[in-house]
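**Q** For reference, the structure I am asking about is given below.
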Protein chains: 2
Amino acid sequence: MVRRLVKKNVRKLKPYQAEEIPCRIKLDANESPFGFDSALKSVEGLETNRYPDPEAKSLRQLVAKSWGVGRENILHGNGSDELIYYLIAVFGGPVLCPVPTFSMYGIIASILNEKSIAVPLDRNFQLDRMRMLTEIRRRKPHLVFLSSPNNPTGNSFDPEVVTDIIRSSRSIVVVDEAYLPFSAKKSFVKLLGKYPNLVIMKTLSKIGLAALRTGFIVSSREIVEEVNKVRLPFNVNALSQAAAVAALQNSGTIRNAVDVIVRERDALFHRLRDLPGVIAFPSDANFILFRVKDADRVYRMLLRRGILVRNISDSIRGCLRVTIGSPEENEFFFKALKKIVQTA
Amino acid sequence: MVRRLVKKNVRKLKPYQAEEIPCRIKLDANESPFGFDSALKSVEGLETNRYPDPEAKSLRQLVAKSWGVGRENILHGNGSDELIYYLIAVFGGPVLCPVPTFSMYGIIASILNEKSIAVPLDRNFQLDRMRMLTEIRRRKPHLVFLSSPNNPTGNSFDPEVVTDIIRSSRSIVVVDEAYLPFSAKKSFVKLLGKYPNLVIMKTLSKIGLAALRTGFIVSSREIVEEVNKVRLPFNVNALSQAAAVAALQNSGTIRNAVDVIVRERDALFHRLRDLPGVIAFPSDANFILFRVKDADRVYRMLLRRGILVRNISDSIRGCLRVTIGSPEENEFFFKALKKIVQTA
């Protein structure tokens, strides 16, 4: 009886599996190895009985300043996930994404009963310029999501191609800069004034604050106002607002942690590249995609040693994705992987 | 150009005004006057860099036990608001509500482009049994939202009428028990086994934990599974999960705070009832609805004395809603109101 009342698109869905796999070294979720305990002290003074600031004024002020825009150009979300929900609720589909990419764009489009269009990346994991432009012209998506650096491939998209897509399309183009802090590439924020259809997404989840669930949209005042209409009034709780503000006030500490991760990533990449039986792909993010002969076996053997990575082989043949951990974790991972591929 | 891409239903929306009005005594938002500072200690040990438990296992376990159901009967939300979003995404519209009631049911239906149907309460703010049953039969809503005790009227709906609606309708009936802790009425949770179309909503926001944004659905395993499909995987952040668990482990403290509020409400109700120029409506919630001659004037005069209440006169002629505060706040409010109505 209940099933009859469930919308058809939802009936077909499966719940997102964020399963917990026991491990000693967790390198599967693109989390930072470094937390900011001291930021949690800031929640102590809060009144638990009062609703959070619905406008998240202090937090938006702080990030607006650091990204060189006004507070009216920022919208706050319960993680980027919630902002993807809102963007699709506002602009509808079709939703076009290159694939493989972050799976939530497509999942949320299905939840909201909007069509999604997947355009394969080229063999270097770059945007296929011609194909993207053709599909956008032909299918007229309302939203295009471009994660750059891209997850799970790790590379940044060619900024010229991204700009081409923004310029030549009549869609809203969302550049998801979740992994930008680990890249030497420039943010697209500086192009906001030039392209009225541009939306940037940012998150604190990859730089040590995943526990808080805090993400942002950076865009024109007009787009922010439209998206704000579908936002739940108290969507970012008071504890996360306070802790995020406290952490961001120590931007030097965050920057230092990111620097360590970048150095570790580059060192690990060179070691993986030189390891026979492993093909590592260059990364601008806080993870590395690599190919092995038997991905399922290597995944299981790593897990047997207590190391959890992400098995991507369903979408990219033979590939696993490892998040950059602490220096000790990376060392432990590399040694384990070396042993596993040598005994293949 | 952007506006052309915005979905028609969203173009017409206005953003929800959760405006901050400066005041000394905040009695407008149905918050508890009592917070639980000590619960915030529990966030200290958290790793800010790790994603929250997507399943909120400890928290769900705890509330499941206290409500006498299994963990599989509970779904957690970033406040009830998010769960209303999810329920409407899963079951679609039309969405039927008695009015006046909590405004978010209708607002979220509009956001998700689903029709809503408003059925007026009778002159005692009770469900109009015949009219409700007729409209449900005729309009075939997919969802019916019944907030009991109801906001902003404060009364509980007749449980027999609610049961009638659940039994005789082929809709999902959501009984929102946000204010039930302040009432002597029984929860509808015990009827879950009997009615497969029944969903209960609960929240921690009214009992001293509004800062956390934590709400729940209690329902059959089948319904919980369907709603879980549209849930964002990390929708309740780690800080709120930890603080909620810590607070709920001291259920005695919460209960004591609720008892004080109930006593204060009853005392304030009797004083208001006896005040010439004021008609107070009996309340099972943590607020009281009352009618005065010139609601706009009384609202402004209270605010001039630093007291913020909610002006409901747009939807219920001449009515204001005052949240029960601390004994001192209630005393201050009553004296101020008395002076204002006596000098009218």
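Labels for the structure tokens follow display order: chains A, B, ..., residues from 1 in each chain, ligands from 1.
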Quick one: which residues from chain A are at most 6 Å off chain B, using only C-alpha atoms, as number ranges by chain?

**A** A: 5-7, 14-15, 32, 35-36, 40, 44, 47-52, 90-91, 111, 208-213, 229-230, 237-238

**Q** Show which residues sit within 8 Å of stretch 325-333 of chain B, as a PDB file with N, CA and C atoms, in the first residue's frame. Count only C-alpha atoms, and ignore same-chain residues fewer than 5 positions away.

**A**
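See selection11.pdb below for the written result:
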```pdb
ATOM      1  N   ILE B  25      14.204  40.058  25.493  1.00  0.00           N
ATOM      2  CA  ILE B  25      13.506  38.840  25.914  1.00  0.00           C
ATOM      3  C   ILE B  25      12.876  38.225  24.674  1.00  0.00           C
ATOM      4  N   LEU B  27      10.758  35.755  22.914  1.00  0.00           N
ATOM      5  CA  LEU B  27       9.656  34.818  23.151  1.00  0.00           C
ATOM      6  C   LEU B  27       8.881  34.602  21.846  1.00  0.00           C
ATOM      7  N   SER B  32      13.143  26.732  24.013  1.00  0.00           N
ATOM      8  CA  SER B  32      13.121  26.547  25.457  1.00  0.00           C
ATOM      9  C   SER B  32      13.965  27.640  26.101  1.00  0.00           C
ATOM     10  N   PRO B  33      13.584  28.090  27.303  1.00  0.00           N
ATOM     11  CA  PRO B  33      14.469  29.046  27.981  1.00  0.00           C
ATOM     12  C   PRO B  33      15.694  28.365  28.597  1.00  0.00           C
ATOM     13  N   PHE B  34      15.703  27.025  28.589  1.00  0.00           N
ATOM     14  CA  PHE B  34      16.767  26.297  29.295  1.00  0.00           C
ATOM     15  C   PHE B  34      17.663  25.536  28.310  1.00  0.00           C
ATOM     16  N   ILE B 261       8.512  24.404  32.331  1.00  0.00           N
ATOM     17  CA  ILE B 261       7.832  25.128  31.250  1.00  0.00           C
ATOM     18  C   ILE B 261       6.325  24.894  31.302  1.00  0.00           C
ATOM     19  N   GLU B 264       4.873  26.802  34.222  1.00  0.00           N
ATOM     20  CA  GLU B 264       4.874  28.233  33.871  1.00  0.00           C
ATOM     21  C   GLU B 264       3.771  28.548  32.869  1.00  0.00           C
ATOM     22  N   LEU B 268       0.785  31.115  33.519  1.00  0.00           N
ATOM     23  CA  LEU B 268       0.630  32.281  32.644  1.00  0.00           C
ATOM     24  C   LEU B 268      -0.740  32.271  31.974  1.00  0.00           C
ATOM     25  N   LEU B 302       5.105  45.883  23.077  1.00  0.00           N
ATOM     26  CA  LEU B 302       5.913  44.876  23.781  1.00  0.00           C
ATOM     27  C   LEU B 302       7.374  44.988  23.330  1.00  0.00           C
ATOM     28  N   ILE B 307      10.536  43.086  24.516  1.00  0.00           N
ATOM     29  CA  ILE B 307       9.973  41.737  24.496  1.00  0.00           C
ATOM     30  C   ILE B 307       9.506  41.392  23.085  1.00  0.00           C
TER      31      ILE B 307
END
```

**Q** Would you kindly return, as a list in words, each protein, DNA or RNA residue with an atom no farther than 10 Å from any atom of B:Tyr179, considering only C-alpha atoms and excluding same-chain residues fewer than 2 positions away?

**A** Asn30, Ser147, Ser148, Pro149, Asn150, Asn151, Gly154, Asn155, Ser156, Asp176, Glu177, Pro181, Phe182, Ser183, Lys202, Thr203, Leu204, Ser205, Lys206, Ile207, Asp284, Ala285, Asn286 and Phe287 of chain B

**Q** Keeping N, CA and C atoms for every residue in the selection just given, could you write it to a file as a CSV table (one decimal), in the first residue's frame?

**A**
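Result written to result-v2.csv:
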```csv
chain,number,residue,atom,x,y,z
B,30,ASN,N,9.5,29.8,19.9
B,30,ASN,CA,9.2,28.5,20.6
B,30,ASN,C,10.4,27.7,21.0
B,147,SER,N,-0.1,18.7,12.8
B,147,SER,CA,0.8,19.1,13.9
B,147,SER,C,-0.1,19.1,15.1
B,148,SER,N,0.2,18.2,16.1
B,148,SER,CA,-0.6,18.1,17.3
B,148,SER,C,0.3,17.8,18.5
B,149,PRO,N,0.4,18.7,19.5
B,149,PRO,CA,-0.3,20.1,19.5
B,149,PRO,C,0.1,20.9,18.3
B,150,ASN,N,-0.9,21.7,17.9
B,150,ASN,CA,-0.7,22.5,16.7
B,150,ASN,C,-0.1,23.9,16.9
B,151,ASN,N,0.8,24.3,16.0
B,151,ASN,CA,1.4,25.6,16.0
B,151,ASN,C,0.7,26.4,14.9
B,154,GLY,N,-1.8,26.0,19.5
B,154,GLY,CA,-1.4,25.5,20.8
B,154,GLY,C,-2.2,24.3,21.3
B,155,ASN,N,-3.4,24.1,20.7
B,155,ASN,CA,-4.2,23.0,21.1
B,155,ASN,C,-3.8,21.7,20.5
B,156,SER,N,-4.2,20.6,21.2
B,156,SER,CA,-4.0,19.2,20.5
B,156,SER,C,-5.3,18.9,19.7
B,176,ASP,N,2.9,15.4,13.4
B,176,ASP,CA,4.1,16.1,13.9
B,176,ASP,C,3.9,16.4,15.4
B,177,GLU,N,4.7,15.7,16.1
B,177,GLU,CA,4.7,15.7,17.6
B,177,GLU,C,5.7,16.6,18.2
B,181,PRO,N,6.0,16.9,24.0
B,181,PRO,CA,6.5,16.8,25.3
B,181,PRO,C,5.9,17.8,26.3
B,182,PHE,N,5.2,18.8,25.9
B,182,PHE,CA,4.5,19.7,26.8
B,182,PHE,C,3.1,19.4,27.0
B,183,SER,N,2.6,18.3,26.5
B,183,SER,CA,1.2,17.9,26.6
B,183,SER,C,1.1,16.6,27.4
B,202,LYS,N,9.3,13.9,15.2
B,202,LYS,CA,9.8,14.4,16.5
B,202,LYS,C,10.9,15.3,16.3
B,203,THR,N,11.2,16.2,17.3
B,203,THR,CA,12.3,17.1,17.2
B,203,THR,C,12.9,17.3,18.6
B,204,LEU,N,14.2,17.7,18.6
B,204,LEU,CA,14.8,18.1,19.9
B,204,LEU,C,14.8,19.6,20.0
B,205,SER,N,14.3,20.3,19.0
B,205,SER,CA,14.4,21.8,19.0
B,205,SER,C,13.6,22.5,20.0
B,206,LYS,N,12.5,21.9,20.5
B,206,LYS,CA,11.6,22.6,21.4
B,206,LYS,C,12.0,22.3,22.8
B,207,ILE,N,12.8,21.3,23.1
B,207,ILE,CA,13.1,20.9,24.5
B,207,ILE,C,14.5,21.3,24.9
B,284,ASP,N,-1.4,23.2,24.9
B,284,ASP,CA,-0.7,21.9,25.2
B,284,ASP,C,0.8,22.1,24.8
B,285,ALA,N,1.2,23.3,24.4
B,285,ALA,CA,2.5,23.4,23.8
B,285,ALA,C,3.4,24.3,24.7
B,286,ASN,N,4.5,24.8,24.2
B,286,ASN,CA,5.3,25.7,25.0
B,286,ASN,C,5.2,27.1,24.6
B,287,PHE,N,3.9,27.4,24.2
B,287,PHE,CA,3.6,28.8,23.9
B,287,PHE,C,2.1,29.0,24.1
```

**Q** Among stretch 100-285 of chain B, which ones does DSSP place in strand (DSSP E), written as a PyMOL selection string?

**A** chain B and resi 116-120+143-147+172-176+198-203+215-219+279-280

**Q** Could you turn the residues from that selection into a file that holds C-alpha atoms, as a compact mmCIF listing (two decimals), in the first residue's frame?

**A**
```
# COMPACT_ATOMS: atom_id res chain seq x y z
CA SER B 116 -0.93 22.05 -1.36
CA ILE B 117 -4.45 21.99 -0.08
CA ALA B 118 -5.43 24.05 2.97
CA VAL B 119 -8.44 22.95 5.01
CA PRO B 120 -9.54 25.49 7.65
CA LEU B 143 0.53 13.49 2.24
CA VAL B 144 -1.47 14.90 5.14
CA PHE B 145 0.42 16.87 7.82
CA LEU B 146 -1.19 17.15 11.26
CA SER B 147 0.79 19.05 13.89
CA ILE B 172 0.53 9.06 4.18
CA VAL B 173 -0.53 10.83 7.38
CA VAL B 174 2.27 12.64 9.20
CA VAL B 175 1.56 13.46 12.83
CA ASP B 176 4.07 16.12 13.86
CA LEU B 198 1.35 6.60 9.63
CA VAL B 199 4.50 8.70 10.09
CA ILE B 200 5.39 10.51 13.32
CA MET B 201 7.76 13.46 13.41
CA LYS B 202 9.76 14.36 16.51
CA THR B 203 12.31 17.08 17.19
CA GLY B 215 14.69 15.90 14.13
CA PHE B 216 13.36 12.41 13.50
CA ILE B 217 10.81 10.41 11.63
CA VAL B 218 9.34 7.41 13.46
CA SER B 219 7.53 5.02 11.17
CA ILE B 279 -8.49 36.27 25.28
CA ALA B 280 -6.02 33.46 25.90
```

**Q** I want to know what sits within 7 Å of B:Ile165, based on only C-alpha atoms, with residues of the same chain fewer than 4 positions away left out; could you give that as a ChimeraX atom specification?

**A** /B:133,161,169

**Q** I need the residues from that last selection saved to file as a PDB file, in the first residue's frame (with C-alpha atoms), if you can.

**A**
```
ATOM      1  CA  LEU B 133     -12.487  13.517   5.361  1.00  0.00           C
ATOM      2  CA  VAL B 161     -10.447  12.560  14.622  1.00  0.00           C
ATOM      3  CA  SER B 169      -7.396   7.791   4.106  1.00  0.00           C
TER       4      SER B 169
END
```

**Q** Could you find all residues in stretch 182-337 of chain A that DSSP calls helix (DSSP H, G or I) from the backbone, and write them as a PyMOL selection string?

**A** chain A and resi 182+188-191+205-207+210-212+221-228+238-249+251-273+295-304+327-337

**Q** Please indicate the distance in Å from atom CA of B:Asp296 to atom CA of B:Lys338, rounded to one decimal place.

**A**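 Distance between the two atoms: 15.8 Å.
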
**Q** To one decimal in Å, tell me the separation between atom CA of A:Leu59 and atom CA of A:Asp259.

**A**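 Those two atoms sit 23.5 Å apart.
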
**Q** How many Å lie between atom CA of A:Arg291 and atom CA of A:Thr323, rounded to one decimal?

**A**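 Atom-to-atom, atom CA of A:Arg291 and atom CA of A:Thr323 are spaced 14.5 Å apart.
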
**Q** Just want the 8 Å neighbourhood of B:Leu62, counted on only C-alpha atoms, with same-chain residues fewer than 4 positions away dropped. Output as a list in words.

**A** Ser58, Ser66, Val245 and Leu248 of chain B

**Q** Go ahead and write the residues just picked, N, CA and C atoms, as a PDB file, in the first residue's frame.

**A**
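Saved as again01.pdb:
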```pdb
ATOM      1  N   SER B  58      24.292   5.775  17.224  1.00  0.00           N
ATOM      2  CA  SER B  58      24.107   5.953  18.675  1.00  0.00           C
ATOM      3  C   SER B  58      22.871   6.792  18.958  1.00  0.00           C
ATOM      4  N   SER B  66      13.875   5.176  23.758  1.00  0.00           N
ATOM      5  CA  SER B  66      12.990   6.012  24.590  1.00  0.00           C
ATOM      6  C   SER B  66      11.577   6.075  24.020  1.00  0.00           C
ATOM      7  N   VAL B 245      23.302  13.120  21.803  1.00  0.00           N
ATOM      8  CA  VAL B 245      23.440  11.901  22.598  1.00  0.00           C
ATOM      9  C   VAL B 245      23.719  12.256  24.058  1.00  0.00           C
ATOM     10  N   LEU B 248      20.561  13.679  25.699  1.00  0.00           N
ATOM     11  CA  LEU B 248      19.481  12.702  25.890  1.00  0.00           C
ATOM     12  C   LEU B 248      19.831  11.673  26.961  1.00  0.00           C
TER      13      LEU B 248
END
```
